[in-house]
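Q: File follows, model_22.txt with compact mmCIF, C-alpha atoms:
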# COMPACT_ATOMS: atom_id res chain seq x y z
CA MET A 354 49.54 -44.60 38.48
CA SER A 355 49.62 -43.67 34.81
CA SER A 356 52.63 -42.26 33.04
CA TYR A 357 50.90 -38.88 32.64
CA GLN A 358 50.36 -38.60 36.39
CA LYS A 359 53.99 -39.56 37.00
CA GLU A 360 55.04 -36.77 34.63
CA LEU A 361 53.03 -34.26 36.65
CA GLU A 362 54.44 -35.40 40.00
CA LYS A 363 57.82 -33.77 39.33
CA TYR A 364 56.15 -30.33 39.12
CA ARG A 365 54.34 -30.67 42.46
CA ASP A 366 57.17 -29.29 44.66
CA ILE A 367 58.26 -26.45 42.36
CA ASP A 368 58.41 -23.02 44.01
CA GLU A 369 56.75 -20.56 41.59
CA ASP A 370 57.84 -17.51 43.60
CA GLU A 371 61.46 -18.52 43.35
CA ILE A 372 61.16 -18.88 39.55
CA LEU A 373 59.52 -15.45 39.22
CA ARG A 374 62.27 -13.80 41.28
CA THR A 375 64.88 -15.14 38.89
CA LEU A 376 63.21 -13.75 35.74
CA SER A 377 64.51 -10.60 34.06
CA PRO A 378 62.23 -7.60 33.30
CA GLU A 379 62.06 -8.57 29.63
CA GLU A 380 61.00 -12.11 30.53
CA LEU A 381 58.36 -10.80 32.94
CA GLU A 382 56.93 -8.54 30.20
CA GLN A 383 56.83 -11.45 27.77
CA LEU A 384 55.10 -13.61 30.39
CA ASP A 385 52.55 -10.87 30.97
CA CYS A 386 51.81 -10.73 27.22
CA GLU A 387 51.38 -14.50 27.13
CA LEU A 388 48.91 -14.39 30.00
CA GLN A 389 46.89 -11.72 28.25
CA GLU A 390 46.59 -13.81 25.09
CA MET A 391 42.91 -14.71 24.49
CA ASP A 392 40.98 -16.83 22.06
CA PRO A 393 40.48 -14.78 18.86
CA GLU A 394 37.95 -17.29 17.46
CA ASN A 395 35.58 -17.29 20.43
CA MET A 396 32.40 -15.74 18.98
CA LEU A 397 30.86 -15.48 22.46
CA LEU A 398 33.38 -12.78 23.50
CA PRO A 399 33.16 -9.16 22.37
CA ALA A 400 35.61 -8.14 19.66
CA GLY A 401 37.73 -6.14 22.12
CA LEU A 402 38.26 -9.12 24.45
CA ARG A 403 39.32 -11.72 21.90
CA GLN A 404 42.89 -10.41 21.61
CA ARG A 405 45.27 -8.52 23.87
CA ASP A 406 45.90 -4.84 23.32
CA GLN A 407 49.12 -4.45 21.31
CA THR A 408 48.89 -0.68 20.84
CA LYS A 409 51.70 1.21 22.50
CA LYS A 410 50.82 4.69 21.18
CA SER A 411 48.92 7.12 23.34
CA PRO A 412 45.36 8.00 22.12
CA THR A 413 45.16 11.06 19.87
CA GLY A 414 41.59 11.97 20.83
CA PRO A 415 37.99 10.78 20.69
CA LEU A 416 36.74 8.78 17.71
CA ASP A 417 35.41 10.90 14.85
CA ARG A 418 33.56 8.53 12.54
CA GLU A 419 32.98 11.00 9.73
CA ALA A 420 36.61 12.07 9.65
CA LEU A 421 37.73 8.43 9.64
CA LEU A 422 35.45 7.60 6.68
CA GLN A 423 36.72 10.63 4.76
CA TYR A 424 40.32 9.60 5.45
CA LEU A 425 39.71 6.03 4.26
CA GLU A 426 37.95 7.27 1.13
CA GLN A 427 40.78 9.67 0.35
CA GLN A 428 43.34 6.92 0.85
CA ALA A 429 41.42 4.64 -1.52
CA LEU A 430 41.34 7.35 -4.20
CA GLU A 431 45.05 8.03 -3.91
CA VAL A 432 46.04 4.39 -4.39
CA LYS A 433 47.32 3.91 -7.91
CA GLU A 434 45.50 1.32 -9.96
CA ARG A 435 47.44 -1.75 -10.91
CA ASP A 436 48.36 -1.99 -14.58
CA ASP A 437 46.99 -4.89 -16.57
CA LEU A 438 49.44 -7.63 -17.29
CA VAL A 439 48.23 -7.71 -20.89
CA PRO A 440 46.82 -4.36 -22.07
CA PHE A 441 43.52 -4.47 -23.95
CA THR A 442 43.90 -3.39 -27.56
CA GLY A 443 40.58 -4.52 -29.03
CA GLU A 444 42.30 -6.83 -31.50
CA LYS A 445 40.36 -9.94 -32.46
CA LYS A 446 42.50 -13.01 -32.50
CA GLY A 447 41.71 -16.30 -34.06
CA LYS A 448 39.29 -17.19 -36.81
CA PRO A 449 35.48 -17.20 -36.54
CA TYR A 450 33.88 -20.63 -36.35
CA ILE A 451 32.20 -21.75 -39.55
CA GLN A 452 30.03 -24.80 -39.24
CA PRO A 453 31.08 -27.36 -41.80
CA LYS A 454 28.52 -28.54 -44.27
CA ARG A 455 27.24 -32.00 -43.58
CA GLU A 456 27.13 -34.24 -46.57
CA ILE A 457 23.98 -36.33 -46.70
CA PRO A 458 24.79 -40.01 -47.11
CA VAL A 459 23.49 -41.79 -50.15
CA GLN A 460 21.21 -43.96 -47.98
CA GLU A 461 19.45 -40.86 -46.59
CA GLN A 462 19.05 -39.04 -49.88
CA ILE A 463 15.44 -38.90 -51.08
CA THR A 464 14.61 -38.52 -54.71
CA LEU A 465 11.21 -37.05 -55.57
CA GLU A 466 9.41 -36.81 -58.82
CA PRO A 467 10.33 -33.82 -61.00
CA GLU A 468 6.87 -32.23 -60.48
CA LEU A 469 7.21 -32.39 -56.66
CA GLU A 470 10.77 -31.10 -56.77
CA GLU A 471 9.65 -28.09 -58.79
CA ALA A 472 6.64 -27.46 -56.53
CA LEU A 473 8.73 -27.55 -53.34
CA ALA A 474 11.43 -25.36 -54.86
CA HIS A 475 8.93 -22.58 -55.56
CA ALA A 476 6.79 -23.04 -52.38
CA THR A 477 6.45 -20.10 -49.99
CA ASP A 478 7.07 -20.28 -46.24
CA ALA A 479 3.34 -20.39 -45.55
CA GLU A 480 2.88 -23.33 -47.90
CA MET A 481 5.82 -25.16 -46.37
CA CYS A 482 4.34 -24.63 -42.90
CA ASP A 483 1.02 -26.15 -44.01
CA ILE A 484 2.81 -29.10 -45.60
CA ALA A 485 4.74 -29.70 -42.36
CA ALA A 486 1.45 -29.72 -40.43
CA ILE A 487 -0.13 -32.20 -42.81
CA LEU A 488 2.90 -34.48 -42.51
CA GLY A 489 2.63 -34.34 -38.68
CA MET A 490 5.74 -32.21 -38.02
CA TYR A 491 4.03 -30.33 -35.19
CA THR A 492 7.34 -29.37 -33.55
CA LEU A 493 8.04 -26.88 -36.34
CA MET A 494 5.09 -24.64 -35.48
CA SER A 495 2.83 -23.51 -32.70
CA ASN A 496 -0.35 -25.35 -31.73
CA LYS A 497 -2.55 -22.70 -33.33
CA GLN A 498 -0.72 -22.94 -36.66
CA TYR A 499 -0.83 -26.74 -36.56
CA TYR A 500 -4.58 -27.02 -35.93
CA ASP A 501 -5.38 -24.22 -38.39
CA ALA A 502 -3.53 -26.12 -41.10
CA ILE A 503 -5.21 -29.43 -40.22
CA CYS A 504 -8.80 -28.15 -39.84
CA SER A 505 -8.85 -25.69 -42.73
CA GLY A 506 -8.63 -26.49 -46.41
CA GLU A 507 -6.89 -23.20 -47.16
CA ILE A 508 -3.52 -21.75 -46.26
CA CYS A 509 -4.14 -20.02 -42.94
CA ASN A 510 -0.56 -19.29 -41.95
CA THR A 511 0.81 -16.24 -43.74
CA GLU A 512 3.92 -15.83 -41.56
CA GLY A 513 5.71 -19.09 -42.22
CA ILE A 514 7.67 -21.35 -39.94
CA SER A 515 9.69 -18.42 -38.58
CA SER A 516 6.57 -17.26 -36.71
CA VAL A 517 6.94 -20.07 -34.18
CA VAL A 518 9.02 -17.90 -31.88
CA GLN A 519 6.25 -15.30 -31.75
CA PRO A 520 3.39 -15.68 -29.27
CA ASP A 521 -0.15 -16.10 -30.51
CA LYS A 522 -2.23 -12.98 -30.43
CA TYR A 523 -5.40 -13.33 -28.41
CA LYS A 524 -8.24 -10.91 -28.13
CA PRO A 525 -8.21 -9.08 -24.77
CA VAL A 526 -11.10 -9.94 -22.50
CA PRO A 527 -12.72 -6.77 -21.13
CA ASP A 528 -13.45 -6.45 -17.44
CA GLU A 529 -16.94 -7.03 -16.19
CA PRO A 530 -19.01 -3.87 -16.03
CA PRO A 531 -19.82 -2.57 -12.55
CA ASN A 532 -22.98 -3.75 -10.88
CA PRO A 533 -25.72 -1.25 -11.81
CA THR A 534 -27.99 -2.22 -8.92
CA ASN A 535 -29.38 0.71 -6.93
CA ILE A 536 -29.28 -0.43 -3.32
CA GLU A 537 -31.78 2.14 -2.04
CA GLU A 538 -34.37 1.20 -4.68
CA ILE A 539 -33.86 -2.51 -3.98
CA LEU A 540 -34.33 -1.88 -0.26
CA LYS A 541 -37.59 -0.03 -0.89
CA SER A 542 -38.86 -2.80 -3.19
CA VAL A 543 -38.03 -5.52 -0.69
CA ARG A 544 -39.69 -3.62 2.13
CA SER A 545 -42.83 -3.08 0.06
CA ASN A 546 -42.82 -6.78 -0.97
CA ASP A 547 -42.81 -5.89 -4.67
CA LYS A 548 -43.83 -8.97 -6.65
CA GLU A 549 -41.68 -7.96 -9.64
CA VAL A 550 -38.44 -8.20 -7.62
CA GLU A 551 -37.53 -11.88 -7.50
CA GLU A 552 -33.74 -11.52 -7.42
CA VAL A 553 -31.49 -9.33 -5.28
CA ASN A 554 -27.98 -9.21 -6.78
CA LEU A 555 -25.45 -7.04 -4.93
CA ASN A 556 -22.33 -8.81 -6.23
CA ASN A 557 -19.03 -6.86 -6.32
CA ILE A 558 -20.47 -3.75 -4.67
CA GLN A 559 -17.85 -3.19 -1.99
CA ASP A 560 -18.93 0.11 -0.48
CA ILE A 561 -22.32 -0.89 0.93
CA PRO A 562 -22.73 0.37 4.52
CA ILE A 563 -23.24 -2.35 7.12
CA PRO A 564 -26.45 -0.75 8.48
CA MET A 565 -27.98 -0.80 4.98
CA LEU A 566 -27.18 -4.50 4.51
CA THR A 567 -28.61 -5.21 7.95
CA GLU A 568 -31.82 -3.35 7.02
CA LEU A 569 -32.01 -5.34 3.78
CA CYS A 570 -31.76 -8.63 5.68
CA GLU A 571 -34.38 -7.37 8.13
CA ALA A 572 -36.72 -6.54 5.22
CA MET A 573 -36.14 -9.99 3.72
CA LYS A 574 -37.71 -11.62 6.78
CA THR A 575 -41.23 -10.71 5.67
CA ASN A 576 -40.68 -10.71 1.89
CA THR A 577 -42.49 -13.46 -0.03
CA HIS A 578 -41.39 -12.83 -3.63
CA VAL A 579 -37.56 -12.76 -3.63
CA ARG A 580 -36.22 -16.16 -4.70
CA SER A 581 -32.48 -15.39 -5.04
CA PHE A 582 -30.29 -13.34 -2.68
CA SER A 583 -26.59 -12.83 -3.63
CA LEU A 584 -23.93 -10.96 -1.64
CA VAL A 585 -20.73 -12.06 -3.43
CA ALA A 586 -17.59 -9.93 -2.82
CA THR A 587 -19.32 -7.24 -0.77
CA ARG A 588 -16.75 -7.29 2.09
CA SER A 589 -19.40 -8.68 4.40
CA GLY A 590 -18.30 -9.95 7.80
CA ASP A 591 -19.78 -11.69 10.82
CA PRO A 592 -22.41 -8.95 11.55
CA ILE A 593 -23.91 -9.49 8.09
CA ALA A 594 -23.69 -13.29 8.50
CA ASN A 595 -25.63 -13.05 11.77
CA ALA A 596 -28.24 -10.85 10.05
CA VAL A 597 -28.53 -13.41 7.22
CA ALA A 598 -28.96 -16.18 9.80
CA ASP A 599 -31.82 -14.30 11.50
CA MET A 600 -33.41 -13.75 8.07
CA LEU A 601 -33.26 -17.48 7.22
CA ARG A 602 -35.09 -18.40 10.43
CA GLU A 603 -38.16 -16.35 9.40
CA ASN A 604 -38.11 -16.19 5.59
CA ARG A 605 -40.15 -18.91 3.82
CA SER A 606 -39.74 -17.96 0.15
CA LEU A 607 -35.98 -17.70 -0.48
CA GLN A 608 -34.54 -20.52 -2.58
CA SER A 609 -30.95 -19.43 -3.37
CA LEU A 610 -28.38 -17.75 -1.08
CA ASN A 611 -24.84 -16.84 -2.18
CA ILE A 612 -22.39 -15.24 0.29
CA GLU A 613 -19.09 -16.31 -1.33
CA SER A 614 -15.84 -14.29 -1.40
CA ASN A 615 -16.39 -12.34 1.81
CA PHE A 616 -14.73 -11.84 5.20
CA ILE A 617 -16.98 -14.18 7.19
CA SER A 618 -15.21 -16.16 9.91
CA SER A 619 -16.04 -19.59 11.30
CA THR A 620 -18.40 -18.04 13.86
CA GLY A 621 -20.50 -16.35 11.19
CA LEU A 622 -20.59 -19.45 8.99
CA MET A 623 -21.64 -21.58 11.95
CA ALA A 624 -24.56 -19.22 12.62
CA VAL A 625 -25.70 -19.42 8.97
CA LEU A 626 -25.46 -23.23 8.90
CA LYS A 627 -27.52 -23.59 12.07
CA ALA A 628 -30.16 -21.23 10.68
CA VAL A 629 -30.41 -23.24 7.43
CA ARG A 630 -31.69 -26.21 9.43
CA GLU A 631 -34.75 -24.16 10.38
CA ASN A 632 -35.46 -23.19 6.76
CA ALA A 633 -37.31 -25.68 4.57
CA THR A 634 -37.46 -23.68 1.31
CA LEU A 635 -33.77 -22.99 0.63
CA THR A 636 -32.41 -25.25 -2.16
CA GLU A 637 -29.05 -23.63 -2.96
CA LEU A 638 -26.36 -22.35 -0.58
CA ARG A 639 -22.89 -21.07 -1.53
CA VAL A 640 -20.36 -20.09 1.16
CA ASP A 641 -16.95 -20.79 -0.45
CA ASN A 642 -13.84 -18.58 -0.78
CA GLN A 643 -13.90 -16.71 2.51
CA ARG A 644 -10.93 -14.69 3.70
CA GLN A 645 -9.80 -17.41 6.09
CA TRP A 646 -10.29 -21.16 6.26
CA PRO A 647 -13.27 -21.88 8.56
CA GLY A 648 -11.76 -24.99 10.15
CA ASP A 649 -12.57 -28.66 10.66
CA ALA A 650 -15.49 -28.00 13.01
CA VAL A 651 -17.29 -25.87 10.42
CA GLU A 652 -16.75 -28.47 7.68
CA MET A 653 -18.20 -31.15 9.94
CA GLU A 654 -21.17 -28.86 10.62
CA MET A 655 -21.64 -28.40 6.86
CA ALA A 656 -21.80 -32.16 6.35
CA THR A 657 -24.26 -32.54 9.25
CA MET A 658 -26.44 -29.72 7.87
CA LEU A 659 -26.60 -31.36 4.43
CA GLU A 660 -27.57 -34.66 6.03
CA GLN A 661 -30.38 -33.04 8.04
CA CYS A 662 -31.68 -30.69 5.32
CA PRO A 663 -33.04 -32.71 2.36
CA SER A 664 -34.16 -29.51 0.62
CA ILE A 665 -30.54 -28.46 -0.17
CA VAL A 666 -29.68 -29.83 -3.64
CA ARG A 667 -26.83 -27.42 -4.55
CA PHE A 668 -24.05 -26.52 -2.11
CA GLY A 669 -21.00 -24.42 -2.99
CA TYR A 670 -17.91 -25.13 -0.88
CA HIS A 671 -14.53 -26.79 -1.48
CA PHE A 672 -13.89 -29.22 1.37
CA THR A 673 -10.30 -29.70 2.54
CA GLN A 674 -10.93 -32.78 4.72
CA GLN A 675 -11.78 -36.18 3.27
CA GLY A 676 -14.33 -37.15 5.93
CA PRO A 677 -16.70 -34.16 5.60
CA ARG A 678 -16.27 -34.24 1.80
CA ALA A 679 -17.45 -37.84 1.57
CA ARG A 680 -20.39 -37.24 3.91
CA ALA A 681 -21.43 -34.13 1.98
CA ALA A 682 -21.21 -35.90 -1.38
CA GLN A 683 -23.37 -38.76 -0.09
CA ALA A 684 -25.92 -36.34 1.38
CA MET A 685 -26.11 -34.31 -1.86
CA THR A 686 -26.68 -37.47 -3.88
CA ARG A 687 -29.50 -38.49 -1.55
CA ASN A 688 -31.09 -35.02 -1.61
CA ASN A 689 -31.07 -34.85 -5.41
CA GLU A 690 -32.57 -38.33 -5.61
CA LEU A 691 -35.36 -37.31 -3.23
CA ARG A 692 -36.02 -34.20 -5.34
CA ARG A 693 -36.17 -36.32 -8.50
CA GLN A 694 -38.69 -38.69 -6.91
CA GLN A 695 -40.82 -35.78 -5.74
CA LYS A 696 -40.97 -34.37 -9.29
CA LYS A 697 -42.15 -37.76 -10.61
CA ARG A 698 -45.07 -37.77 -8.20
As structure tokens, please, write out the structure in this file.
A:
Amino acid sequence: MSSYQKELEKYRDIDEDEILRTLSPEELEQLDCELQEMDPENMLLPAGLRQRDQTKKSPTGPLDREALLQYLEQQALEVKERDDLVPFTGEKKGKPYIQPKREIPVQEQITLEPELEEALAHATDAEMCDIAAILGMYTLMSNKQYYDAICSGEICNTEGISSVVQPDKYKPVPDEPPNPTNIEEILKSVRSNDKEVEEVNLNNIQDIPIPMLTELCEAMKTNTHVRSFSLVATRSGDPIANAVADMLRENRSLQSLNIESNFISSTGLMAVLKAVRENATLTELRVDNQRQWPGDAVEMEMATMLEQCPSIVRFGYHFTQQGPRARAAQAMTRNNELRRQQKKR
């Protein structure tokens, strides 16, 4: 038996009732308070159960939150601010720092010819900036000032070395003008198989109704003159992708298709890729920058399509997986080589 167990054995036969009967009322009250003591650091208990109630006053009424906040705010305003230990007078103490002049050692002193000394003494900031560029001190100026001084035989910098902190001024690039294509006229021309319409460009027209795009794809099935069909940034989704897939299965004159920057999912892209296998005239296909990543299965289907379609010589998509990227690059190299050999014949 251990010493700790022996220590506990002497308390085994103690009569607790007899001890309680001998306690005074004050001792009983203190014992009751000790039994009510709880763990104040136990975060699993509510705030009201972490500590015993020590309030002996009777409640004055229900809690009025607004009145309590007003009382606390009024008490905070009535508290007198503590005076500063050292009052602020605005007096400046001490002396301002003056950087001492550094004397150039004799070994570092450079003596120039009198003509050069006179020329440098009367040189302007612009001339000094050009001289620094010629001597290779490119850290004293911006890149534009440096290359202007090197490439030009004249003084191009009129602001001096102090202009380094200023950004270079570039000409603003204007936004691209809106697409002037009239969709209704294009639809009529495609339906009538107009030989003068060889390109359908609907890029950046974002308010085209889905039924009108579907009708345009339906009209493209029997058209024999349109060579390029572009639907970039038209907010097209899977319904338009399915219509484009149906068009590719029947059209035999289209050579370039661009459906980049749209909302086509993996299902729509898979339908287009499967339809390309049944088209022997398409040479360029661009499907990059969709709203969501199509997935590994679609990238593998792209690589398989390029391997089975030797007519595709330009394909626009940024692969994220190494395997499909390598297969696609090898297939594109082979397709371009076959096209080059066909042109020689």
Q: For a test of reading the model, state the distance in Å between atom CA of A:Leu607 and atom CA of A:Glu631, rounded to one decimal.
A: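 Straight-line distance from atom CA of A:Leu607 to atom CA of A:Glu631 works out to 12.7 Å.
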Q: Please measure the separation of atom CA of A:Phe582 and atom CA of A:Val553, giving the value in Å to one decimal.
A: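 Computing the Euclidean distance for atom CA of A:Phe582 and atom CA of A:Val553 yields 4.9 Å.
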Q: Nearest residue to A:Gly590 out of A:Leu610, A:Ile617, A:Cys662, A:Val651, using all atoms listed in the file?
A: A:Ile617
Q: Would you mind reading off the distance between atom CA of A:Gln683 and atom CA of A:Arg630, one decimal, in Å?
A: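 According to the coordinates, atom CA of A:Gln683 and atom CA of A:Arg630 are separated by 17.8 Å.
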Q: Listing only residues of stretch 589-666 of chain A within 8 Å of stretch 690-693 of chain A, what is the closest atom pair and its distance in Å (to one decimal) for each, using all atoms listed in the file, sorted by chain and residue number ascending, as JSON lines?
A:
{"residue": "A:Pro663", "atom": "CA", "partner": "A:Leu691", "partner_atom": "CA", "distance": 7.6}
{"residue": "A:Ser664", "atom": "CA", "partner": "A:Arg692", "partner_atom": "CA", "distance": 7.8}
{"residue": "A:Val666", "atom": "CA", "partner": "A:Arg692", "partner_atom": "CA", "distance": 7.9}
Q: Need the shell around A:Asp547: protein/DNA/RNA residues with any atom at most 8 Å away, counting all atoms listed in the file. Skip same-chain ones fewer than 4 positions apart. Format as a PDB file with C-alpha atoms, in the frame of the given file?
A:
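Once written, around_5.pdb looks like this:
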ATOM      1  CA  SER A 542     -38.860  -2.800  -3.190  1.00  0.00           C
ATOM      2  CA  VAL A 543     -38.030  -5.520  -0.690  1.00  0.00           C
ATOM      3  CA  HIS A 578     -41.390 -12.830  -3.630  1.00  0.00           C
TER       4      HIS A 578
END
Q: Give as a list in words the set of residues within 8 Å of the point (-28.7, -9.8, -5.9), where distances use the file's coordinates and all atoms listed in the file.
A: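 Within the cut-off we find Glu552, Val553, Asn554, Leu555, Asn556, Ser581, Phe582, Ser583 and Leu584 of chain A.
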Q: Build an axis-aligned box that encloses every atom of stretch 579-582 of chain A listed in the file, pad it by 6 Å on each side, and report its centre and edge lengths in Å to one decimal, as JSON.
A:
{"center_x": -33.9, "center_y": -14.5, "center_z": -3.9, "size_x": 19.3, "size_y": 15.4, "size_z": 14.4}
Q: Find the residue from A:Gln695, A:Asn532, A:Gln675, A:Ser618 that sits nearest to A:Gln559; use only C-alpha atoms when measuring.
A: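 Checking each candidate against A:Gln559, we get A:Asn532 as the closest.
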